[in-house]
Amino acid sequence: MKVYKKGDIIASEGTVSNEFYFLIEGKVGAFKDDKKISDYSRKGTIFGELAAILKRPRSLTLVALEDTKILAFDRGYQELIIKHPEFAKKILINLAERVSATTDKLWNIKVIINESFHEQNK
Amino acid sequence: MDNITEKYFGEILNRKQGDSIAREGAPSQGFYILISGKVGVYKNKIKIAEFTEQGTVMGEIGMILNKPRTASLIAMESTSVLNVKTDIDELIIKFPGITANLMYNLADRLYNTTDNYVTSIKLLEEEFALLYPGDKNEGI
């Protein structure tokens, strides 16, 4: 378990690590260029999983917004699936929901763009 | 692909050009792996994607979320797919390797769709700024 004081940086944008985080207590903010994109305060929330799975640089900086306790799992998603299947299930469902929602949003935007181009070319 | 594969992994479906593999709105029964051929993904009769690469996983979101199919899968030529009839709990326990691939693919898709979405929003904003230059001065 890791303990952070309010204002501590948990992980920085641009760094590469395969750490998954599970929120035990407190509140975490995800920032991009000093702008808060989202925050997590629900106990058991999993965050930082995209960078961990893809092994790509983090796109957001994670900051403790109050005194915060988290668990970090750093042995890769393959091992997470075997050791903690219940967390793996949560991650899969969360990813599938987000893919589905983002695909729908993207599809709607594409329709709007096509229509407005069409409008301009009339 | 033989009987042993079918016994342990699911059912092989052979489809002619134009035949349906899965229908939008139908209950999900596991997911599909492309063995050979070409599959089109259709939503409201509009093609939104096409798969030709052997081993491509399809229909996994319906299985994970245990929801009806959000798109139809249609054979674009003579096509064989393996329908893996499983659910998320069984998949994680019995096939951790496939689960890992699914997890990676979903994360990759989320990363790319989010990127694509952000780019599209920017494009749309630029276009609006060109069409309605006055709106930038909103509030002045």
# chains A, B, ... in the order shown; residues from 1 in each chain; ligands from 1
call {"tool": "residues_around", "arguments": {"residues": "Ser120 (chain B)", "least_positions_apart": "4", "cutoff": "9 Å", "atoms": "only C-alpha atoms", "output": "PyMOL selection string"}}
result
(chain A and resi 106+109-110+113) or (chain B and resi 115-116+124-125)
call {"tool": "interface_residues", "arguments": {"of": "chain B", "to": "chain A", "cutoff": "10 Å", "atoms": "only C-alpha atoms", "output": "ChimeraX atom specification"}}
result
/B:48,60-66,70,88-89,91-121,123-124,127-128,131
call {"tool": "write_last_selection", "arguments": {"atoms": "N, CA and C atoms", "output": "tab-separated table (two decimals), in the first residue's frame"}}
result
chain	number	residue	atom	x	y	z
B	48	ILE	N	-19.31	-0.21	-41.06
B	48	ILE	CA	-18.44	0.63	-40.23
B	48	ILE	C	-17.02	0.05	-40.12
B	60	GLU	N	-16.51	-9.21	-29.18
B	60	GLU	CA	-16.12	-9.44	-27.79
B	60	GLU	C	-16.80	-8.47	-26.82
B	61	ILE	N	-17.16	-7.27	-27.31
B	61	ILE	CA	-17.78	-6.31	-26.39
B	61	ILE	C	-19.16	-6.79	-25.94
B	62	GLY	N	-19.92	-7.35	-26.87
B	62	GLY	CA	-21.23	-7.91	-26.52
B	62	GLY	C	-21.11	-8.99	-25.46
B	63	MET	N	-20.06	-9.82	-25.61
B	63	MET	CA	-19.87	-10.90	-24.63
B	63	MET	C	-19.48	-10.34	-23.26
B	64	ILE	N	-18.52	-9.40	-23.26
B	64	ILE	CA	-18.03	-8.86	-21.98
B	64	ILE	C	-19.14	-8.13	-21.23
B	65	LEU	N	-19.93	-7.36	-21.97
B	65	LEU	CA	-20.98	-6.57	-21.32
B	65	LEU	C	-22.28	-7.36	-21.19
B	66	ASN	N	-22.30	-8.56	-21.77
B	66	ASN	CA	-23.49	-9.41	-21.77
B	66	ASN	C	-24.72	-8.65	-22.27
B	70	THR	N	-24.29	-5.07	-30.84
B	70	THR	CA	-24.44	-3.66	-31.22
B	70	THR	C	-24.24	-3.47	-32.71
B	88	ILE	N	-17.74	-14.08	-19.80
B	88	ILE	CA	-16.55	-13.41	-19.29
B	88	ILE	C	-15.89	-14.16	-18.12
B	89	ASP	N	-16.70	-14.73	-17.22
B	89	ASP	CA	-16.13	-15.41	-16.05
B	89	ASP	C	-15.35	-16.65	-16.46
B	91	LEU	N	-14.14	-17.26	-19.45
B	91	LEU	CA	-13.00	-16.86	-20.27
B	91	LEU	C	-11.78	-16.53	-19.41
B	92	ILE	N	-12.00	-15.71	-18.36
B	92	ILE	CA	-10.88	-15.26	-17.52
B	92	ILE	C	-10.22	-16.45	-16.82
B	93	ILE	N	-11.04	-17.37	-16.33
B	93	ILE	CA	-10.49	-18.50	-15.58
B	93	ILE	C	-9.85	-19.54	-16.52
B	94	LYS	N	-10.56	-19.87	-17.62
B	94	LYS	CA	-10.07	-20.95	-18.48
B	94	LYS	C	-9.05	-20.50	-19.51
B	95	PHE	N	-9.20	-19.28	-20.00
B	95	PHE	CA	-8.31	-18.83	-21.08
B	95	PHE	C	-7.65	-17.49	-20.75
B	96	PRO	N	-6.74	-17.50	-19.75
B	96	PRO	CA	-6.10	-16.22	-19.38
B	96	PRO	C	-5.30	-15.61	-20.53
B	97	GLY	N	-4.76	-16.45	-21.42
B	97	GLY	CA	-4.00	-15.94	-22.56
B	97	GLY	C	-4.89	-15.15	-23.52
B	98	ILE	N	-6.07	-15.73	-23.86
B	98	ILE	CA	-7.02	-15.04	-24.74
B	98	ILE	C	-7.53	-13.77	-24.04
B	99	THR	N	-7.78	-13.89	-22.72
B	99	THR	CA	-8.23	-12.72	-21.95
B	99	THR	C	-7.23	-11.58	-22.05
B	100	ALA	N	-5.93	-11.93	-21.94
B	100	ALA	CA	-4.87	-10.91	-22.03
B	100	ALA	C	-4.90	-10.23	-23.40
B	101	ASN	N	-5.07	-11.04	-24.46
B	101	ASN	CA	-5.15	-10.45	-25.81
B	101	ASN	C	-6.35	-9.53	-25.94
B	102	LEU	N	-7.50	-9.98	-25.41
B	102	LEU	CA	-8.71	-9.15	-25.47
B	102	LEU	C	-8.50	-7.85	-24.74
B	103	MET	N	-7.88	-7.94	-23.56
B	103	MET	CA	-7.67	-6.75	-22.74
B	103	MET	C	-6.76	-5.77	-23.48
B	104	TYR	N	-5.70	-6.29	-24.08
B	104	TYR	CA	-4.78	-5.43	-24.82
B	104	TYR	C	-5.50	-4.76	-26.01
B	105	ASN	N	-6.25	-5.58	-26.77
B	105	ASN	CA	-6.97	-5.04	-27.94
B	105	ASN	C	-7.97	-3.96	-27.56
B	106	LEU	N	-8.69	-4.18	-26.45
B	106	LEU	CA	-9.67	-3.18	-26.02
B	106	LEU	C	-8.98	-1.88	-25.61
B	107	ALA	N	-7.87	-2.02	-24.88
B	107	ALA	CA	-7.12	-0.83	-24.43
B	107	ALA	C	-6.60	-0.07	-25.65
B	108	ASP	N	-6.10	-0.83	-26.63
B	108	ASP	CA	-5.57	-0.22	-27.86
B	108	ASP	C	-6.68	0.50	-28.63
B	109	ARG	N	-7.84	-0.14	-28.71
B	109	ARG	CA	-8.97	0.48	-29.42
B	109	ARG	C	-9.43	1.74	-28.70
B	110	LEU	N	-9.47	1.67	-27.36
B	110	LEU	CA	-9.90	2.84	-26.58
B	110	LEU	C	-8.93	4.00	-26.81
B	111	TYR	N	-7.65	3.68	-26.79
B	111	TYR	CA	-6.61	4.70	-27.00
B	111	TYR	C	-6.79	5.34	-28.37
B	112	ASN	N	-6.97	4.52	-29.40
B	112	ASN	CA	-7.10	5.04	-30.77
B	112	ASN	C	-8.41	5.77	-31.02
B	113	THR	N	-9.52	5.22	-30.51
B	113	THR	CA	-10.81	5.90	-30.73
B	113	THR	C	-10.83	7.23	-29.99
B	114	THR	N	-10.25	7.27	-28.78
B	114	THR	CA	-10.23	8.52	-28.02
B	114	THR	C	-9.43	9.56	-28.80
B	115	ASP	N	-8.27	9.13	-29.32
B	115	ASP	CA	-7.41	9.99	-30.12
B	115	ASP	C	-8.17	10.53	-31.34
B	116	ASN	N	-8.81	9.63	-32.04
B	116	ASN	CA	-9.59	9.94	-33.24
B	116	ASN	C	-10.73	10.91	-32.89
B	117	TYR	N	-11.35	10.68	-31.74
B	117	TYR	CA	-12.46	11.52	-31.28
B	117	TYR	C	-11.96	12.94	-31.00
B	118	VAL	N	-10.84	13.04	-30.27
B	118	VAL	CA	-10.26	14.35	-29.93
B	118	VAL	C	-9.89	15.11	-31.21
B	119	THR	N	-9.28	14.40	-32.18
B	119	THR	CA	-8.91	15.01	-33.46
B	119	THR	C	-10.16	15.49	-34.21
B	120	SER	N	-11.20	14.67	-34.22
B	120	SER	CA	-12.44	15.02	-34.93
B	120	SER	C	-13.11	16.24	-34.31
B	121	ILE	N	-13.09	16.31	-32.96
B	121	ILE	CA	-13.68	17.47	-32.26
B	121	ILE	C	-12.93	18.73	-32.66
B	123	LEU	N	-11.23	19.28	-35.40
B	123	LEU	CA	-11.56	19.56	-36.80
B	123	LEU	C	-12.90	20.29	-36.89
B	124	LEU	N	-13.85	19.77	-36.11
B	124	LEU	CA	-15.19	20.35	-36.11
B	124	LEU	C	-15.16	21.79	-35.56
B	127	GLU	N	-13.66	24.10	-38.12
B	127	GLU	CA	-14.63	24.31	-39.19
B	127	GLU	C	-15.70	25.33	-38.76
B	128	PHE	N	-16.15	25.20	-37.52
B	128	PHE	CA	-17.14	26.14	-36.99
B	128	PHE	C	-16.57	27.55	-36.89
B	131	LEU	N	-16.72	28.98	-40.26
B	131	LEU	CA	-18.09	29.28	-40.69
B	131	LEU	C	-18.70	30.44	-39.93
call {"tool": "select_by_dssp", "arguments": {"residues": "region 24-117 of chain B", "states": "alpha helix (DSSP H)", "output": "number ranges by chain"}}
result
B: 60-65, 88-94, 96-117
call {"tool": "write_last_selection", "arguments": {"atoms": "C-alpha atoms", "output": "PDB file, in the first residue's frame"}}
result
ATOM      1  CA  GLU B  60     -16.121  -9.439 -27.791  1.00  0.00           C
ATOM      2  CA  ILE B  61     -17.783  -6.305 -26.395  1.00  0.00           C
ATOM      3  CA  GLY B  62     -21.227  -7.909 -26.521  1.00  0.00           C
ATOM      4  CA  MET B  63     -19.869 -10.899 -24.630  1.00  0.00           C
ATOM      5  CA  ILE B  64     -18.031  -8.861 -21.985  1.00  0.00           C
ATOM      6  CA  LEU B  65     -20.978  -6.574 -21.317  1.00  0.00           C
ATOM      7  CA  ILE B  88     -16.548 -13.410 -19.289  1.00  0.00           C
ATOM      8  CA  ASP B  89     -16.129 -15.411 -16.053  1.00  0.00           C
ATOM      9  CA  GLU B  90     -15.302 -18.656 -17.839  1.00  0.00           C
ATOM     10  CA  LEU B  91     -13.001 -16.860 -20.270  1.00  0.00           C
ATOM     11  CA  ILE B  92     -10.882 -15.265 -17.519  1.00  0.00           C
ATOM     12  CA  ILE B  93     -10.489 -18.503 -15.583  1.00  0.00           C
ATOM     13  CA  LYS B  94     -10.067 -20.955 -18.476  1.00  0.00           C
ATOM     14  CA  PRO B  96      -6.097 -16.224 -19.379  1.00  0.00           C
ATOM     15  CA  GLY B  97      -4.003 -15.936 -22.559  1.00  0.00           C
ATOM     16  CA  ILE B  98      -7.016 -15.038 -24.741  1.00  0.00           C
ATOM     17  CA  THR B  99      -8.234 -12.724 -21.952  1.00  0.00           C
ATOM     18  CA  ALA B 100      -4.872 -10.913 -22.027  1.00  0.00           C
ATOM     19  CA  ASN B 101      -5.151 -10.453 -25.810  1.00  0.00           C
ATOM     20  CA  LEU B 102      -8.707  -9.154 -25.473  1.00  0.00           C
ATOM     21  CA  MET B 103      -7.665  -6.750 -22.741  1.00  0.00           C
ATOM     22  CA  TYR B 104      -4.782  -5.426 -24.822  1.00  0.00           C
ATOM     23  CA  ASN B 105      -6.966  -5.045 -27.939  1.00  0.00           C
ATOM     24  CA  LEU B 106      -9.673  -3.176 -26.015  1.00  0.00           C
ATOM     25  CA  ALA B 107      -7.123  -0.833 -24.433  1.00  0.00           C
ATOM     26  CA  ASP B 108      -5.570  -0.223 -27.860  1.00  0.00           C
ATOM     27  CA  ARG B 109      -8.971   0.484 -29.418  1.00  0.00           C
ATOM     28  CA  LEU B 110      -9.904   2.843 -26.584  1.00  0.00           C
ATOM     29  CA  TYR B 111      -6.610   4.695 -26.999  1.00  0.00           C
ATOM     30  CA  ASN B 112      -7.095   5.038 -30.771  1.00  0.00           C
ATOM     31  CA  THR B 113     -10.809   5.898 -30.729  1.00  0.00           C
ATOM     32  CA  THR B 114     -10.226   8.523 -28.024  1.00  0.00           C
ATOM     33  CA  ASP B 115      -7.409   9.989 -30.121  1.00  0.00           C
ATOM     34  CA  ASN B 116      -9.593   9.941 -33.237  1.00  0.00           C
ATOM     35  CA  TYR B 117     -12.461  11.521 -31.282  1.00  0.00           C
TER      36      TYR B 117
END
call {"tool": "select_by_dssp", "arguments": {"residues": "chain B", "states": "strand (DSSP E or B)", "output": "MDAnalysis selection string"}}
result
chainID B and resid 11:15 20:22 31:36 39:43 46:51 57:58 72:75 79:84
call {"tool": "residues_around", "arguments": {"residues": "region 18-35 of chain A", "least_positions_apart": "5", "cutoff": "10 Å", "atoms": "only C-alpha atoms", "output": "JSON, numbers by chain"}}
result
{"A": [1, 2, 3, 4, 5, 6, 7, 8, 9, 10, 11, 12, 13, 40, 41, 42, 43, 44, 45, 46, 47, 48, 49, 50, 51, 52, 53, 54, 55, 56, 57, 59, 60, 61, 62, 63, 64, 65, 66, 67, 68, 69, 70, 71, 72, 73, 74, 75, 76, 77, 80, 87]}
call {"tool": "residues_around", "arguments": {"residues": "Ser78 (chain B)", "least_positions_apart": "5", "cutoff": "8 Å", "atoms": "only C-alpha atoms", "output": "PyMOL selection string"}}
result
chain B and resi 14-17+37-38
call {"tool": "write_last_selection", "arguments": {"atoms": "C-alpha atoms", "output": "PDB file, in the first residue's frame"}}
result
ATOM      1  CA  ASN B  14     -18.919 -21.514 -42.625  1.00  0.00           C
ATOM      2  CA  ARG B  15     -20.749 -18.705 -44.398  1.00  0.00           C
ATOM      3  CA  LYS B  16     -21.268 -17.795 -48.067  1.00  0.00           C
ATOM      4  CA  GLN B  17     -20.924 -14.267 -49.387  1.00  0.00           C
ATOM      5  CA  GLY B  37     -12.442 -14.895 -45.602  1.00  0.00           C
ATOM      6  CA  LYS B  38     -13.691 -11.378 -45.069  1.00  0.00           C
TER       7      LYS B  38
END
call {"tool": "atom_distance", "arguments": {"atom1": "CA of Tyr42 (chain B)", "atom2": "CA of Val84 (chain B)"}}
result
20.7 Å
call {"tool": "decode", "arguments": {"residues": "region 49-122 of chain A", "atoms": "C-alpha atoms", "output": "mmCIF file, in the first residue's frame"}}
result
data_model
loop_
_atom_site.group_PDB
_atom_site.id
_atom_site.type_symbol
_atom_site.label_atom_id
_atom_site.label_comp_id
_atom_site.auth_asym_id
_atom_site.auth_seq_id
_atom_site.Cartn_x
_atom_site.Cartn_y
_atom_site.Cartn_z
ATOM 1 C CA GLU A 49 -4.751 0.830 -16.539
ATOM 2 C CA LEU A 50 -4.512 2.020 -20.144
ATOM 3 C CA ALA A 51 -0.834 3.007 -19.940
ATOM 4 C CA ALA A 52 -0.090 -0.151 -17.928
ATOM 5 C CA ILE A 53 -1.651 -2.487 -20.496
ATOM 6 C CA LEU A 54 -0.326 -0.714 -23.587
ATOM 7 C CA LYS A 55 3.086 0.090 -22.059
ATOM 8 C CA ARG A 56 2.819 3.541 -23.596
ATOM 9 C CA PRO A 57 3.765 6.797 -21.895
ATOM 10 C CA ARG A 58 1.058 8.054 -19.546
ATOM 11 C CA SER A 59 -1.153 10.655 -21.176
ATOM 12 C CA LEU A 60 -2.187 12.168 -17.807
ATOM 13 C CA THR A 61 -0.551 13.102 -14.511
ATOM 14 C CA LEU A 62 -2.125 11.549 -11.406
ATOM 15 C CA VAL A 63 -2.184 13.717 -8.281
ATOM 16 C CA ALA A 64 -3.512 13.045 -4.765
ATOM 17 C CA LEU A 65 -6.244 15.643 -4.154
ATOM 18 C CA GLU A 66 -6.386 14.747 -0.462
ATOM 19 C CA ASP A 67 -4.533 12.270 1.757
ATOM 20 C CA THR A 68 -4.809 9.095 -0.286
ATOM 21 C CA LYS A 69 -4.057 5.393 0.032
ATOM 22 C CA ILE A 70 -3.671 3.224 -3.053
ATOM 23 C CA LEU A 71 -2.551 -0.256 -3.990
ATOM 24 C CA ALA A 72 -0.230 -0.505 -6.986
ATOM 25 C CA PHE A 73 0.068 -3.723 -8.990
ATOM 26 C CA ASP A 74 3.196 -3.647 -11.128
ATOM 27 C CA ARG A 75 3.573 -7.183 -12.464
ATOM 28 C CA GLY A 76 1.758 -6.754 -15.739
ATOM 29 C CA TYR A 77 -1.786 -7.416 -16.884
ATOM 30 C CA GLN A 78 -1.122 -11.057 -17.769
ATOM 31 C CA GLU A 79 -0.318 -11.787 -14.146
ATOM 32 C CA LEU A 80 -3.180 -9.624 -12.909
ATOM 33 C CA ILE A 81 -5.600 -11.837 -14.882
ATOM 34 C CA ILE A 82 -4.295 -14.987 -13.178
ATOM 35 C CA LYS A 83 -3.791 -13.587 -9.663
ATOM 36 C CA HIS A 84 -6.790 -11.257 -9.453
ATOM 37 C CA PRO A 85 -9.461 -12.460 -11.912
ATOM 38 C CA GLU A 86 -12.108 -10.287 -10.195
ATOM 39 C CA PHE A 87 -10.056 -7.144 -10.938
ATOM 40 C CA ALA A 88 -9.392 -8.355 -14.486
ATOM 41 C CA LYS A 89 -13.162 -8.700 -14.975
ATOM 42 C CA LYS A 90 -13.753 -5.156 -13.705
ATOM 43 C CA ILE A 91 -11.071 -3.823 -16.042
ATOM 44 C CA LEU A 92 -12.472 -5.715 -19.067
ATOM 45 C CA ILE A 93 -16.019 -4.464 -18.419
ATOM 46 C CA ASN A 94 -14.799 -0.902 -17.869
ATOM 47 C CA LEU A 95 -12.708 -0.955 -21.080
ATOM 48 C CA ALA A 96 -15.556 -2.471 -23.109
ATOM 49 C CA GLU A 97 -18.005 0.184 -21.844
ATOM 50 C CA ARG A 98 -15.589 2.986 -22.661
ATOM 51 C CA VAL A 99 -14.776 1.584 -26.141
ATOM 52 C CA SER A 100 -18.482 1.247 -26.857
ATOM 53 C CA ALA A 101 -19.313 4.782 -25.621
ATOM 54 C CA THR A 102 -16.344 6.420 -27.398
ATOM 55 C CA THR A 103 -17.101 4.601 -30.660
ATOM 56 C CA ASP A 104 -20.685 5.907 -30.519
ATOM 57 C CA LYS A 105 -19.497 9.461 -29.794
ATOM 58 C CA LEU A 106 -16.932 9.249 -32.611
ATOM 59 C CA TRP A 107 -19.583 7.928 -34.986
ATOM 60 C CA ASN A 108 -21.920 10.843 -34.162
ATOM 61 C CA ILE A 109 -19.135 13.388 -34.710
ATOM 62 C CA LYS A 110 -18.232 11.802 -38.068
ATOM 63 C CA VAL A 111 -21.866 12.092 -39.156
ATOM 64 C CA ILE A 112 -21.932 15.793 -38.156
ATOM 65 C CA ILE A 113 -18.633 16.466 -39.982
ATOM 66 C CA ASN A 114 -19.854 14.703 -43.143
ATOM 67 C CA GLU A 115 -23.130 16.616 -43.069
ATOM 68 C CA SER A 116 -21.494 20.005 -42.546
ATOM 69 C CA PHE A 117 -18.969 19.372 -45.346
ATOM 70 C CA HIS A 118 -21.858 18.352 -47.535
ATOM 71 C CA GLU A 119 -23.672 21.573 -46.572
ATOM 72 C CA GLN A 120 -20.619 23.685 -47.471
ATOM 73 C CA ASN A 121 -20.244 22.023 -50.862
ATOM 74 C CA LYS A 122 -23.824 22.674 -51.924
#
